[in-house]
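Shown next: structure01.tsv, containing TSV, C-alpha atoms and all ligand atoms.
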```tsv
chain	number	residue	atom	x	y	z
F	1	MET	CA	-7.11	-27.06	18.22
F	2	THR	CA	-7.09	-23.36	19.08
F	3	ARG	CA	-10.41	-21.58	19.05
F	4	THR	CA	-11.16	-17.88	19.55
F	5	THR	CA	-14.49	-16.07	19.44
F	6	VAL	CA	-14.54	-12.32	18.79
F	7	GLU	CA	-17.70	-10.24	19.27
F	8	GLY	CA	-18.44	-6.70	18.11
F	9	MET	CA	-19.66	-4.54	15.26
F	10	LEU	CA	-18.50	-6.48	12.20
F	11	ALA	CA	-17.65	-4.33	9.16
F	12	ASP	CA	-17.47	-5.88	5.70
F	13	ILE	CA	-18.21	-4.71	2.16
F	14	ASP	CA	-21.94	-5.40	2.63
F	15	GLY	CA	-22.24	-3.21	5.74
F	16	VAL	CA	-22.03	-3.35	9.53
F	17	ARG	CA	-23.83	-5.73	11.85
F	18	HIS	CA	-23.38	-6.87	15.43
F	19	GLY	CA	-22.15	-10.42	15.62
F	20	GLN	CA	-19.48	-12.96	16.43
F	21	ILE	CA	-16.60	-14.50	14.53
F	22	VAL	CA	-15.29	-17.94	15.43
F	23	ILE	CA	-11.67	-18.58	14.45
F	24	GLU	CA	-10.35	-22.15	14.64
F	25	ASN	CA	-6.74	-23.03	13.87
F	26	GLY	CA	-6.23	-19.65	12.25
F	27	LEU	CA	-9.25	-19.71	9.94
F	28	ILE	CA	-12.71	-18.20	10.28
F	29	THR	CA	-15.16	-21.10	10.67
F	30	ALA	CA	-18.37	-19.27	11.56
F	31	VAL	CA	-19.81	-15.74	11.50
F	32	GLY	CA	-23.14	-14.80	13.01
F	33	PRO	CA	-25.10	-14.11	16.16
F	34	GLY	CA	-25.10	-16.35	19.24
F	35	LEU	CA	-22.08	-18.55	18.51
F	36	GLY	CA	-21.14	-18.99	22.17
F	37	LYS	CA	-19.25	-17.23	24.90
F	38	PRO	CA	-16.88	-14.68	23.32
F	39	ASP	CA	-13.19	-14.50	24.26
F	40	HIS	CA	-12.91	-10.88	23.10
F	41	VAL	CA	-15.71	-8.30	23.10
F	42	PHE	CA	-15.42	-4.90	21.42
F	43	GLY	CA	-17.93	-2.15	22.19
F	44	ASP	CA	-20.10	-0.10	19.87
F	45	GLY	CA	-17.36	2.51	19.33
F	46	CYS	CA	-15.25	-0.15	17.63
F	47	LEU	CA	-15.43	-1.67	14.15
F	48	VAL	CA	-14.07	-5.17	13.49
F	49	PHE	CA	-12.70	-5.45	9.94
F	50	ALA	CA	-11.13	-8.36	8.12
F	51	GLY	CA	-7.36	-7.89	8.54
F	52	MET	CA	-6.32	-4.85	6.54
F	53	GLY	CA	-3.73	-5.07	3.77
F	54	ASP	CA	-1.33	-2.65	2.11
F	55	VAL	CA	-0.56	-3.62	-1.48
F	56	HIS	CA	2.35	-1.19	-1.91
F	57	ILE	CA	5.20	-0.95	0.58
F	58	HIS	CA	8.98	-0.85	0.52
F	59	ALA	CA	10.41	-3.05	3.29
F	60	ARG	CA	13.89	-2.52	1.79
F	61	GLU	CA	15.46	-5.80	2.91
F	62	ASP	CA	17.21	-8.03	0.37
F	63	VAL	CA	20.12	-10.45	0.26
F	64	THR	CA	22.68	-7.63	0.18
F	65	GLY	CA	21.42	-6.13	3.46
F	66	ARG	CA	22.47	-2.77	2.10
F	67	ASP	CA	19.23	-0.97	3.06
F	68	ASN	CA	18.81	-2.60	6.47
F	69	HIS	CA	19.49	0.72	8.20
F	70	LYS	CA	16.17	1.97	6.72
F	71	GLU	CA	13.93	-1.02	7.41
F	72	THR	CA	13.87	-4.82	7.37
F	73	PHE	CA	11.11	-7.38	6.89
F	74	ALA	CA	10.96	-7.65	10.70
F	75	THR	CA	10.69	-3.92	11.41
F	76	ALA	CA	8.21	-3.44	8.54
F	77	SER	CA	6.16	-6.31	10.00
F	78	ALA	CA	6.17	-4.65	13.44
F	79	ALA	CA	5.22	-1.26	11.97
F	80	ALA	CA	2.42	-2.89	9.95
F	81	LEU	CA	0.89	-4.63	12.97
F	82	HIS	CA	1.20	-1.40	14.96
F	83	GLY	CA	-0.88	0.25	12.24
F	84	GLY	CA	-3.40	-2.61	12.04
F	85	VAL	CA	-2.06	-4.08	8.79
F	86	VAL	CA	-1.79	-7.90	8.60
F	87	HIS	CA	-0.54	-8.35	5.03
F	88	VAL	CA	1.65	-6.26	2.75
F	89	ALA	CA	3.01	-6.44	-0.79
F	90	ASP	CA	6.67	-5.48	-1.05
F	91	MET	CA	8.13	-3.65	-4.03
F	92	PRO	CA	11.19	-4.97	-5.91
F	93	ASN	CA	13.45	-1.90	-6.18
F	94	ASN	CA	16.13	-3.46	-3.98
F	95	PRO	CA	19.89	-3.33	-4.56
F	96	ALA	CA	19.52	-7.01	-5.57
F	97	ALA	CA	16.23	-6.55	-7.42
F	98	PRO	CA	14.06	-9.69	-7.76
F	99	ILE	CA	13.61	-9.80	-11.52
F	100	ASP	CA	13.95	-13.50	-12.41
F	101	ASP	CA	13.34	-16.91	-10.82
F	102	ALA	CA	16.70	-17.04	-9.01
F	103	SER	CA	16.77	-13.51	-7.61
F	104	TYR	CA	13.09	-13.74	-6.61
F	105	ALA	CA	13.64	-17.07	-4.84
F	106	ALA	CA	16.63	-15.65	-2.97
F	107	LYS	CA	14.60	-12.72	-1.64
F	108	GLU	CA	11.72	-15.04	-0.78
F	109	ARG	CA	14.00	-17.45	1.14
F	110	LEU	CA	15.36	-14.55	3.17
F	111	LEU	CA	11.79	-13.49	3.98
F	112	ARG	CA	10.29	-16.91	4.77
F	113	SER	CA	13.21	-17.90	7.03
F	114	GLN	CA	12.10	-15.17	9.44
F	115	ASN	CA	8.59	-16.55	9.98
F	116	LEU	CA	7.04	-13.12	10.60
F	117	PRO	CA	3.45	-12.58	11.74
F	118	VAL	CA	2.65	-10.28	8.81
F	119	HIS	CA	2.16	-11.98	5.42
F	120	PHE	CA	4.40	-10.55	2.70
F	121	THR	CA	3.69	-10.82	-1.02
F	122	LEU	CA	6.75	-10.02	-3.13
F	123	TYR	CA	6.59	-8.15	-6.42
F	124	ALA	CA	9.03	-9.00	-9.19
F	125	GLY	CA	10.55	-6.11	-11.12
F	126	ILE	CA	10.16	-5.48	-14.83
F	127	GLY	CA	13.27	-3.84	-16.23
F	128	PRO	CA	15.01	-3.60	-19.58
F	129	GLY	CA	15.14	-7.10	-21.09
F	130	THR	CA	13.42	-8.97	-18.22
F	131	ARG	CA	11.01	-11.89	-18.80
F	132	PRO	CA	8.15	-13.31	-16.67
F	133	LEU	CA	9.01	-15.75	-13.88
F	134	SER	CA	8.00	-19.38	-14.19
F	135	ARG	CA	5.57	-18.95	-11.27
F	136	HIS	CA	2.63	-16.61	-10.73
F	137	VAL	CA	3.76	-13.38	-9.04
F	138	PRO	CA	2.78	-9.69	-9.25
F	139	TYR	CA	5.05	-7.41	-11.26
F	140	LYS	CA	6.08	-3.79	-10.99
F	141	ALA	CA	7.11	-1.68	-13.96
F	142	TYR	CA	8.89	1.59	-13.31
F	143	MET	CA	8.71	4.13	-16.11
F	144	GLY	CA	10.66	6.94	-14.54
F	145	PRO	CA	14.04	7.29	-12.85
F	146	SER	CA	12.94	7.32	-9.23
F	147	VAL	CA	14.39	4.09	-7.94
F	148	GLY	CA	17.92	3.34	-8.95
F	149	GLU	CA	18.58	1.29	-12.07
F	150	LEU	CA	15.31	-0.60	-12.46
F	151	PHE	CA	13.73	1.72	-15.02
F	152	PHE	CA	13.37	2.23	-18.71
F	153	HIS	CA	14.87	5.09	-20.68
F	154	SER	CA	12.09	5.12	-23.27
F	155	LEU	CA	8.50	3.98	-23.38
F	156	GLU	CA	9.20	2.05	-26.60
F	157	GLU	CA	11.66	-0.06	-24.65
F	158	LEU	CA	9.05	-0.72	-21.95
F	159	ASP	CA	6.42	-1.57	-24.60
F	160	ALA	CA	8.73	-4.14	-26.17
F	161	THR	CA	9.45	-5.77	-22.81
F	162	LEU	CA	5.78	-5.79	-21.71
F	163	ALA	CA	4.89	-7.75	-24.85
F	164	HIS	CA	6.33	-10.78	-23.02
F	165	TYR	CA	4.08	-10.31	-19.96
F	166	ARG	CA	0.69	-11.15	-21.51
F	167	GLY	CA	-1.87	-12.16	-18.86
F	168	ARG	CA	0.37	-11.09	-15.97
F	169	PRO	CA	-0.60	-8.64	-13.19
F	170	VAL	CA	1.53	-5.53	-13.72
F	171	SER	CA	1.61	-2.46	-11.47
F	172	PHE	CA	2.73	0.79	-13.04
F	173	HIS	CA	4.56	3.74	-11.54
F	174	CYS	CA	3.02	6.37	-13.82
F	175	GLU	CA	5.50	9.13	-14.60
F	176	ASP	CA	6.58	9.66	-18.22
F	177	PRO	CA	10.41	9.60	-18.24
F	178	VAL	CA	10.63	11.75	-21.37
F	179	LEU	CA	8.42	14.49	-19.93
F	180	LEU	CA	10.26	14.28	-16.60
F	181	GLY	CA	13.46	14.98	-18.51
F	182	ARG	CA	11.90	18.07	-20.04
F	183	HIS	CA	11.11	19.54	-16.59
F	184	LYS	CA	14.24	18.57	-14.73
F	185	GLY	CA	15.54	22.15	-14.55
F	186	ALA	CA	12.46	23.47	-12.71
F	187	ALA	CA	12.80	25.11	-9.30
F	188	THR	CA	10.86	22.75	-7.05
F	189	HIS	CA	10.37	18.99	-6.75
F	190	GLU	CA	6.68	19.24	-7.71
F	191	ALA	CA	7.50	21.47	-10.69
F	192	ARG	CA	10.08	18.95	-11.89
F	193	ARG	CA	7.39	16.23	-11.87
F	194	PRO	CA	4.21	18.05	-13.00
F	195	PRO	CA	0.78	16.41	-13.47
F	196	GLU	CA	1.24	16.09	-17.25
F	197	CYS	CA	3.97	13.47	-16.59
F	198	GLU	CA	1.47	11.28	-14.74
F	199	LEU	CA	-1.30	11.93	-17.27
F	200	SER	CA	0.89	10.96	-20.20
F	201	ALA	CA	2.08	7.84	-18.37
F	202	THR	CA	-1.52	6.93	-17.50
F	203	ARG	CA	-2.48	6.95	-21.19
F	204	PHE	CA	0.55	4.82	-21.93
F	205	ALA	CA	-0.12	2.33	-19.11
F	206	LEU	CA	-3.77	1.91	-20.10
F	207	ALA	CA	-2.71	1.38	-23.71
F	208	MET	CA	-0.22	-1.29	-22.57
F	209	VAL	CA	-2.89	-3.06	-20.49
F	210	GLU	CA	-5.10	-3.26	-23.56
F	211	LYS	CA	-2.40	-4.02	-26.10
F	212	HIS	CA	-0.62	-6.75	-24.12
F	213	GLY	CA	-3.59	-8.21	-22.19
F	214	LEU	CA	-2.22	-7.28	-18.77
F	215	ALA	CA	-4.07	-6.99	-15.46
F	216	GLY	CA	-3.05	-3.40	-14.72
F	217	LYS	CA	-2.73	-1.55	-11.45
F	218	LEU	CA	-1.86	2.15	-11.37
F	219	CYS	CA	0.25	2.94	-8.30
F	220	HIS	CA	-0.07	5.93	-5.95
F	221	TYR	CA	-2.47	7.81	-8.22
F	222	SER	CA	-2.36	11.57	-7.59
F	223	VAL	CA	-3.77	13.60	-10.51
F	224	GLY	CA	-7.48	14.46	-10.68
F	225	GLU	CA	-7.34	14.98	-14.43
F	226	GLY	CA	-6.38	11.32	-14.87
F	227	LEU	CA	-9.41	9.92	-13.06
F	228	PRO	CA	-11.76	10.15	-16.10
F	229	LEU	CA	-9.24	8.02	-18.01
F	230	ILE	CA	-9.37	5.34	-15.29
F	231	ARG	CA	-13.18	5.48	-15.14
F	232	ALA	CA	-13.42	5.15	-18.91
F	233	ALA	CA	-11.02	2.20	-18.94
F	234	LYS	CA	-13.00	0.44	-16.21
F	235	ALA	CA	-16.29	1.18	-17.99
F	236	ALA	CA	-14.83	-0.35	-21.15
F	237	GLY	CA	-14.09	-3.54	-19.21
F	238	LEU	CA	-10.33	-3.17	-19.06
F	239	PRO	CA	-8.88	-5.02	-16.02
F	240	VAL	CA	-7.39	-1.98	-14.30
F	241	THR	CA	-7.29	-0.87	-10.67
F	242	ALA	CA	-5.75	2.11	-8.89
F	243	GLU	CA	-4.06	2.85	-5.57
F	244	VAL	CA	-4.24	6.11	-3.63
F	245	THR	CA	-1.84	6.94	-0.78
F	246	PRO	CA	-2.58	8.57	2.59
F	247	HIS	CA	-0.22	11.46	1.76
F	248	HIS	CA	-1.99	12.36	-1.49
F	249	VAL	CA	-5.34	12.70	0.31
F	250	TYR	CA	-4.02	14.38	3.46
F	251	PHE	CA	-1.35	16.81	2.23
F	252	ASP	CA	-1.14	19.13	-0.79
F	253	THR	CA	1.20	21.73	-2.23
F	254	ALA	CA	-0.58	24.57	-0.38
F	255	MET	CA	0.76	23.06	2.86
F	256	LEU	CA	4.41	23.08	1.78
F	257	THR	CA	6.82	25.24	3.76
F	258	ASP	CA	10.59	25.64	3.62
F	259	ALA	CA	10.79	23.60	6.82
F	260	ASN	CA	8.61	20.64	5.78
F	261	ARG	CA	9.66	20.43	2.12
F	262	PRO	CA	12.28	17.68	2.50
F	263	TRP	CA	9.84	15.54	4.54
F	264	MET	CA	7.04	16.09	2.02
F	265	GLN	CA	9.10	14.95	-0.99
F	266	MET	CA	7.87	11.84	-2.76
F	267	ASN	CA	7.20	10.53	-6.29
F	268	PRO	CA	4.72	11.40	-7.64
F	269	PRO	CA	4.91	14.63	-5.64
F	270	LEU	CA	2.23	16.33	-3.60
F	271	ARG	CA	-0.39	17.90	-5.87
F	272	SER	CA	-2.82	20.82	-5.68
F	273	PRO	CA	-5.68	21.09	-3.15
F	274	ALA	CA	-8.07	20.24	-6.03
F	275	ASP	CA	-6.12	17.05	-6.82
F	276	ARG	CA	-6.13	16.12	-3.15
F	277	ALA	CA	-9.94	16.50	-3.02
F	278	ALA	CA	-10.25	14.48	-6.23
F	279	MET	CA	-8.19	11.59	-4.80
F	280	LEU	CA	-10.40	11.51	-1.72
F	281	GLU	CA	-13.45	11.28	-3.97
F	282	ALA	CA	-11.77	8.58	-6.07
F	283	LEU	CA	-11.32	6.44	-2.96
F	284	ARG	CA	-14.90	7.12	-1.96
F	285	ASP	CA	-16.61	6.55	-5.32
F	286	GLY	CA	-14.72	3.44	-6.40
F	287	THR	CA	-12.48	4.95	-9.08
F	288	ALA	CA	-9.61	4.01	-6.76
F	289	ASP	CA	-9.55	0.50	-5.35
F	290	TYR	CA	-6.87	0.50	-2.66
F	291	LEU	CA	-5.66	2.70	0.14
F	292	ALA	CA	-2.00	1.80	-0.35
F	293	THR	CA	0.75	3.65	1.45
F	294	ASP	CA	3.88	3.44	-0.71
F	295	HIS	CA	5.57	3.13	2.74
F	296	ALA	CA	9.10	4.35	2.01
F	297	PRO	CA	11.24	4.20	5.14
F	298	HIS	CA	14.12	6.55	4.43
F	299	THR	CA	16.02	7.87	7.45
F	300	ALA	CA	15.84	11.47	8.64
F	301	GLU	CA	19.39	11.99	7.43
F	302	GLU	CA	18.48	10.69	3.95
F	303	LYS	CA	15.36	12.87	3.84
F	304	ARG	CA	17.48	15.96	4.54
F	305	HIS	CA	19.47	15.05	1.43
F	306	GLY	CA	16.46	14.95	-0.88
F	307	VAL	CA	15.44	11.28	-0.96
F	308	SER	CA	11.78	10.76	-1.99
F	309	GLY	CA	9.16	8.87	0.02
F	310	GLN	CA	7.42	8.74	3.40
F	311	PRO	CA	6.83	5.96	5.97
F	312	HIS	CA	3.14	5.17	6.58
F	313	LEU	CA	2.70	1.68	8.02
F	314	ASP	CA	2.60	2.63	11.72
F	315	THR	CA	-0.20	5.12	11.11
F	316	PHE	CA	-2.37	3.12	8.66
F	317	GLY	CA	-5.24	2.32	11.06
F	318	PRO	CA	-5.36	5.74	12.75
F	319	PHE	CA	-5.37	7.33	9.28
F	320	VAL	CA	-8.32	5.12	8.30
F	321	THR	CA	-10.26	6.46	11.30
F	322	TRP	CA	-9.75	9.93	9.78
F	323	LEU	CA	-11.48	8.67	6.62
F	324	LEU	CA	-14.30	7.17	8.69
F	325	VAL	CA	-14.89	9.91	11.25
F	326	GLU	CA	-13.82	13.14	9.57
F	327	GLN	CA	-14.34	12.37	5.88
F	328	GLY	CA	-17.56	10.41	6.27
F	329	PHE	CA	-16.41	7.22	4.56
F	330	SER	CA	-18.82	4.35	5.19
F	331	PRO	CA	-17.42	1.30	7.00
F	332	ALA	CA	-18.37	-0.74	3.92
F	333	ARG	CA	-16.25	1.47	1.68
F	334	VAL	CA	-13.32	1.25	4.09
F	335	ALA	CA	-13.76	-2.54	4.17
F	336	ALA	CA	-13.45	-2.49	0.36
F	337	ILE	CA	-10.34	-0.30	0.02
F	338	CYS	CA	-8.47	-1.59	3.10
F	339	SER	CA	-9.54	-5.23	3.47
F	340	ALA	CA	-11.46	-6.85	0.59
F	341	ASN	CA	-9.66	-5.33	-2.41
F	342	PRO	CA	-6.13	-5.75	-1.01
F	343	GLY	CA	-7.17	-9.27	-0.02
F	344	ALA	CA	-8.38	-10.06	-3.52
F	345	PHE	CA	-5.06	-8.77	-4.87
F	346	VAL	CA	-2.81	-10.97	-2.74
F	347	ASN	CA	-5.11	-14.02	-2.75
F	348	ALA	CA	-4.03	-14.63	-6.33
F	349	PHE	CA	-0.54	-15.48	-5.03
F	350	THR	CA	-1.18	-17.47	-1.86
F	351	ALA	CA	-3.25	-20.45	-0.78
F	352	ASP	CA	-4.73	-18.27	2.00
F	353	ARG	CA	-7.84	-16.13	1.65
F	354	TYR	CA	-7.56	-12.58	3.01
F	355	GLY	CA	-10.01	-9.73	3.12
F	356	ARG	CA	-13.51	-10.87	4.15
F	357	LEU	CA	-15.29	-11.83	7.36
F	358	LEU	CA	-16.49	-15.14	5.95
F	359	PRO	CA	-15.91	-18.81	6.77
F	360	GLY	CA	-12.78	-20.09	5.05
F	361	TYR	CA	-10.95	-16.77	5.21
F	362	VAL	CA	-7.84	-16.17	7.34
F	363	GLY	CA	-8.79	-15.33	10.93
F	364	SER	CA	-6.82	-12.09	10.98
F	365	LEU	CA	-8.72	-8.99	12.09
F	366	THR	CA	-8.18	-5.24	12.40
F	367	VAL	CA	-10.24	-3.60	15.13
F	368	LEU	CA	-10.50	0.20	15.03
F	369	ASP	CA	-11.74	2.28	17.95
F	370	LEU	CA	-13.49	5.37	16.55
F	371	ARG	CA	-13.90	6.96	19.98
F	372	ARG	CA	-10.31	6.83	21.22
F	373	PRO	CA	-8.19	9.49	19.48
F	374	MET	CA	-4.44	9.04	19.20
F	375	THR	CA	-1.62	11.49	18.63
F	376	VAL	CA	1.29	10.26	16.52
F	377	ARG	CA	4.54	10.36	18.48
F	378	ARG	CA	7.97	9.55	17.13
F	379	ASP	CA	9.03	7.37	20.07
F	380	GLU	CA	6.05	5.04	19.58
F	381	LEU	CA	6.80	4.21	15.93
F	382	ARG	CA	8.03	0.73	15.04
F	383	THR	CA	9.45	1.54	11.61
F	384	ARG	CA	13.23	1.49	11.72
F	385	CYS	CA	13.48	4.85	9.92
F	386	GLY	CA	12.03	6.37	13.07
F	387	TRP	CA	9.87	9.24	11.84
F	388	SER	CA	6.39	9.92	10.47
F	389	PRO	CA	4.93	12.75	8.39
F	390	PHE	CA	2.02	12.66	10.87
F	391	GLU	CA	4.05	13.37	14.03
F	392	GLY	CA	1.97	15.63	16.26
F	393	VAL	CA	-1.23	14.90	14.31
F	394	THR	CA	-4.16	13.68	16.38
F	395	PHE	CA	-6.31	11.18	14.54
F	396	PRO	CA	-9.93	10.74	15.73
F	397	GLY	CA	-9.51	7.03	16.39
F	398	SER	CA	-6.93	4.34	16.91
F	399	VAL	CA	-6.17	0.65	16.51
F	400	ALA	CA	-7.97	-1.20	19.34
F	401	ALA	CA	-6.65	-4.67	18.53
F	402	VAL	CA	-5.07	-6.77	15.81
F	403	PHE	CA	-5.58	-10.51	15.44
F	404	VAL	CA	-3.25	-12.66	13.37
F	405	ARG	CA	-4.76	-16.06	12.63
F	406	GLY	CA	-6.93	-15.92	15.73
F	407	ARG	CA	-4.20	-14.74	18.06
F	408	ARG	CA	-4.43	-11.26	19.51
F	409	VAL	CA	-1.15	-9.50	18.76
F	410	GLY	CA	0.82	-8.59	21.86
F	411	SER	CA	-1.39	-10.60	24.21
F	412	ASP	CA	0.32	-13.97	24.23
F	501	ZN	ZN	6.61	2.71	-4.23
```
Take the structure from the file and write it as structure tokens.
Amino acid sequence: MTRTTVEGMLADIDGVRHGQIVIENGLITAVGPGLGKPDHVFGDGCLVFAGMGDVHIHAREDVTGRDNHKETFATASAAALHGGVVHVADMPNNPAAPIDDASYAAKERLLRSQNLPVHFTLYAGIGPGTRPLSRHVPYKAYMGPSVGELFFHSLEELDATLAHYRGRPVSFHCEDPVLLGRHKGAATHEARRPPECELSATRFALAMVEKHGLAGKLCHYSVGEGLPLIRAAKAAGLPVTAEVTPHHVYFDTAMLTDANRPWMQMNPPLRSPADRAAMLEALRDGTADYLATDHAPHTAEEKRHGVSGQPHLDTFGPFVTWLLVEQGFSPARVAAICSANPGAFVNAFTADRYGRLLPGYVGSLTVLDLRRPMTVRRDELRTRCGWSPFEGVTFPGSVAAVFVRGRRVGSD
């Protein structure tokens, strides 16, 4: 039996307290004061969270290997651990998209054969004419043409397909393809994908959740005007959650320059300073449920040619210290959006229990040091794409340690 005892300021959704965590054979078996001599002690400047999770990433690897120059399961796993993330959920917009039992199993075999320290949950894609898999998995529905061929040309077509997905968890990329088409001649990326596209798609997604009895998740939410719709849906008891990305709460259109434009291109695009402030409040007040990165590891060369998306796994933990130290987020709120809620999402698809510092949960931990700033440097990144939108940024804190099933990463 392997046994590890970790001591420090423990941060969970019910607050912070000093204590110890005993992890035996990879699982938490006890939490409390005075549980014996600790193997690892973290000081008062550190917070010990249940292992953090990112419910929206693009690891890019599939059976074709065509995107392996961007990222692989292994490099995404390394970047995640570097950023303090112990579990991720990987999107299905691969060249060989997992959309049915066979294609999903093929991607899963490729993943599981690598035995990586980070736990991956795989989304299945919903595209024209697809049907639910025979097993319980999360789904992703793309409305707009941002990701190759896995999208619908009309919302009626998506509605008809979603009718088959009753009771399933479906994540929505909210951009109305018809409205996008109307703006495609505009001068800038953000003008080609204006807020009204996301608002219209939000109304549609919420209507689909209600009509077809789905468990809905709205991805990378970015428009302040849409938040009242999400609040109203939640208040009405609709099973709907929302993600917010680091980039939509850190950057906005007022920061765009000719030089940074290609690097700051993503879908949905950066929004106004008011939208940025609204997303921060949404994460704080519970309208949004997950800090999820939409980690999109395109190479520098691809970015120069107008590909959308930014890599964010390496910087997840340092970014969270910005929320804690500079934006005044409570540790309990961070525990909710980074540990407990992502854990609850993936626990539906695995026998493991992620996200809380409680007996029976996986003994994976993310320890943040709020007193040791870190500056993001390109040569320290683990993502294969090799760049970060935060290069040169100094975050107020850093990742002090990561434990995966009781084992401190990088120590043995
Ligand atoms: Zn995405």
Can you check which parts of region 247-308 of chain F lie within 10 Å of region 335-353 of chain F? Per residue, the shortest pair of atoms and distance in Å to one decimal, counting all atoms listed in the file, sorted by chain and number, as CSV.
```
residue,atom,partner,partner_atom,distance
F:Leu283,CA,F:Ile337,CA,7.4
F:Arg284,CA,F:Ile337,CA,8.9
F:Gly286,CA,F:Ile337,CA,8.6
F:Ala288,CA,F:Ile337,CA,8.1
F:Asp289,CA,F:Ile337,CA,5.5
F:Tyr290,CA,F:Ile337,CA,4.5
F:Leu291,CA,F:Ile337,CA,5.6
F:Ala292,CA,F:Cys338,CA,8.1
```
Q: Please provide as a VMD selection string all residues within 7 Å of region 400-412 of chain F, with the sequence filter that same-chain residues fewer than 2 positions apart are discarded (counting all atoms listed in the file).
A: chain F and resid 4 23 26 to 27 81 84 86 117 362 to 369 398
Generate a file of the selected residues that holds C-alpha atoms, formatted as a CSV table (one decimal), in the coordinates of the input.
```csv
chain,number,residue,atom,x,y,z
F,4,THR,CA,-11.2,-17.9,19.6
F,23,ILE,CA,-11.7,-18.6,14.4
F,26,GLY,CA,-6.2,-19.6,12.2
F,27,LEU,CA,-9.2,-19.7,9.9
F,81,LEU,CA,0.9,-4.6,13.0
F,84,GLY,CA,-3.4,-2.6,12.0
F,86,VAL,CA,-1.8,-7.9,8.6
F,117,PRO,CA,3.4,-12.6,11.7
F,362,VAL,CA,-7.8,-16.2,7.3
F,363,GLY,CA,-8.8,-15.3,10.9
F,364,SER,CA,-6.8,-12.1,11.0
F,365,LEU,CA,-8.7,-9.0,12.1
F,366,THR,CA,-8.2,-5.2,12.4
F,367,VAL,CA,-10.2,-3.6,15.1
F,368,LEU,CA,-10.5,0.2,15.0
F,369,ASP,CA,-11.7,2.3,18.0
F,398,SER,CA,-6.9,4.3,16.9
```
Q | Residues within 8 Å of region 96-106 of chain F, all atoms listed in the file, excluding chain neighbours under 3 positions, as a list in words | A | Asp62, Val63, Thr64, Pro92, Asn93, Arg109, Leu110, Tyr123, Ala124, Gly125, Ile126, Gly127, Thr130, Arg131, Pro132, Leu133, Ser134 and Leu150 of chain F
Q: Considering only C-alpha atoms, state which residue in the set F:Pro228, F:Gly306, F:Pro273, F:Pro359 is at the smallest distance from Glu24 (chain F).
A: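 With only C-alpha atoms as the atom set, the closest residue is F:Pro359.
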Q: Between F:Ala186, F:Ala332, F:Leu323, F:Cys174, single out the one closest to Pro246 (chain F), counting only C-alpha atoms.
A: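 Of the candidates, the smallest distance to Pro246 (chain F) is held by F:Leu323.
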Q.
Taking only C-alpha atoms and all ligand atoms into account, list the residues no farther than 8 Å from ligand ZN 501 (chain F), as number ranges by chain.
A. F: 56-58, 91, 173, 219-220, 294-296, 309
**Q.** Of the listed residues F:Leu214, F:Ala187, F:Val223, F:Ala236, that which approaches Asp275 (chain F) most closely, counting only C-alpha atoms
**A.**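 Using only C-alpha atoms, Asp275 (chain F) sits closest to F:Val223.
Within the 10 Å cut-off around Arg231 (chain F), using only C-alpha atoms and omitting residues fewer than 5 positions from it on the same chain, the listed residues are Gly226, Ala236, Gly237, Leu238, Val240, Thr241, Ala282, Gly286, Thr287 and Ala288 of chain F.
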Q) In Å to one decimal, how far is CA of Val55 (chain F) from CA of Asp90 (chain F)? A)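 Computed distance, CA of Asp90 (chain F) to CA of Val55 (chain F), equals 7.5 Å.
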Q.
One number please: CA of Pro311 (chain F) to CA of Val178 (chain F), in Å, one decimal.
A.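 Between these atoms lies a distance of 28.2 Å.
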**Q.** Distance in Å - CA of Thr253 (chain F) versus CA of Gln265 (chain F)
**A.** 10.5 Å
Q. Which is closer to Ala89 (chain F) than all the others in F:Arg60, F:His119, F:His136, F:Arg66, using all atoms listed in the file?
A.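 Smallest separation from Ala89 (chain F) among the options: F:His119.
With all atoms listed in the file as the basis for measurement, F:Ala78 is the residue among F:Val6, F:Leu270, F:Ala191, F:Ala78 that approaches Glu380 (chain F) most closely.
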Q) Looking at F:Trp387, F:Phe316, F:Tyr221, F:Phe42, which one is nearest to Met279 (chain F), with distances taken over only C-alpha atoms? A)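 Under the stated criterion, the closest residue is F:Tyr221.
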Q: Give as a ChimeraX atom specification each residue that has an atom at most 9 Å from (-3.3, -2.1, -15.7) in the file, counting all atoms listed in the file.
A: /F:169-172,205-210,213-218,238-242
Neighbouring residues of Gly34 (chain F) were defined as those with any atom within 12 Å, considering only C-alpha atoms; residues of the same chain fewer than 6 positions away were excluded. Please report them as a PDB file with C-alpha atoms, in the frame of the given file.
```pdb
ATOM      1  CA  THR F   5     -14.490 -16.070  19.440  1.00  0.00           C
ATOM      2  CA  VAL F   6     -14.540 -12.320  18.790  1.00  0.00           C
ATOM      3  CA  GLU F   7     -17.700 -10.240  19.270  1.00  0.00           C
ATOM      4  CA  GLY F   8     -18.440  -6.700  18.110  1.00  0.00           C
ATOM      5  CA  HIS F  18     -23.380  -6.870  15.430  1.00  0.00           C
ATOM      6  CA  GLY F  19     -22.150 -10.420  15.620  1.00  0.00           C
ATOM      7  CA  GLN F  20     -19.480 -12.960  16.430  1.00  0.00           C
ATOM      8  CA  ILE F  21     -16.600 -14.500  14.530  1.00  0.00           C
ATOM      9  CA  VAL F  22     -15.290 -17.940  15.430  1.00  0.00           C
TER      10      VAL F  22
END
```
Tell me which protein, DNA and RNA residues are within 7 Å of Arg193 (chain F), counting only C-alpha atoms, leaving out same-chain ones fewer than 4 positions away, and put them as a short mmCIF file (atom, residue, chain, number, x, y, z; two decimals) with C-alpha atoms, in the frame of the given file.
```cif
data_model
loop_
_atom_site.label_atom_id
_atom_site.label_comp_id
_atom_site.auth_asym_id
_atom_site.auth_seq_id
_atom_site.Cartn_x
_atom_site.Cartn_y
_atom_site.Cartn_z
CA LEU F 180 10.26 14.28 -16.60
CA HIS F 183 11.11 19.54 -16.59
CA HIS F 189 10.37 18.99 -6.75
CA CYS F 197 3.97 13.47 -16.59
CA PRO F 268 4.72 11.40 -7.64
CA PRO F 269 4.91 14.63 -5.64
#
```
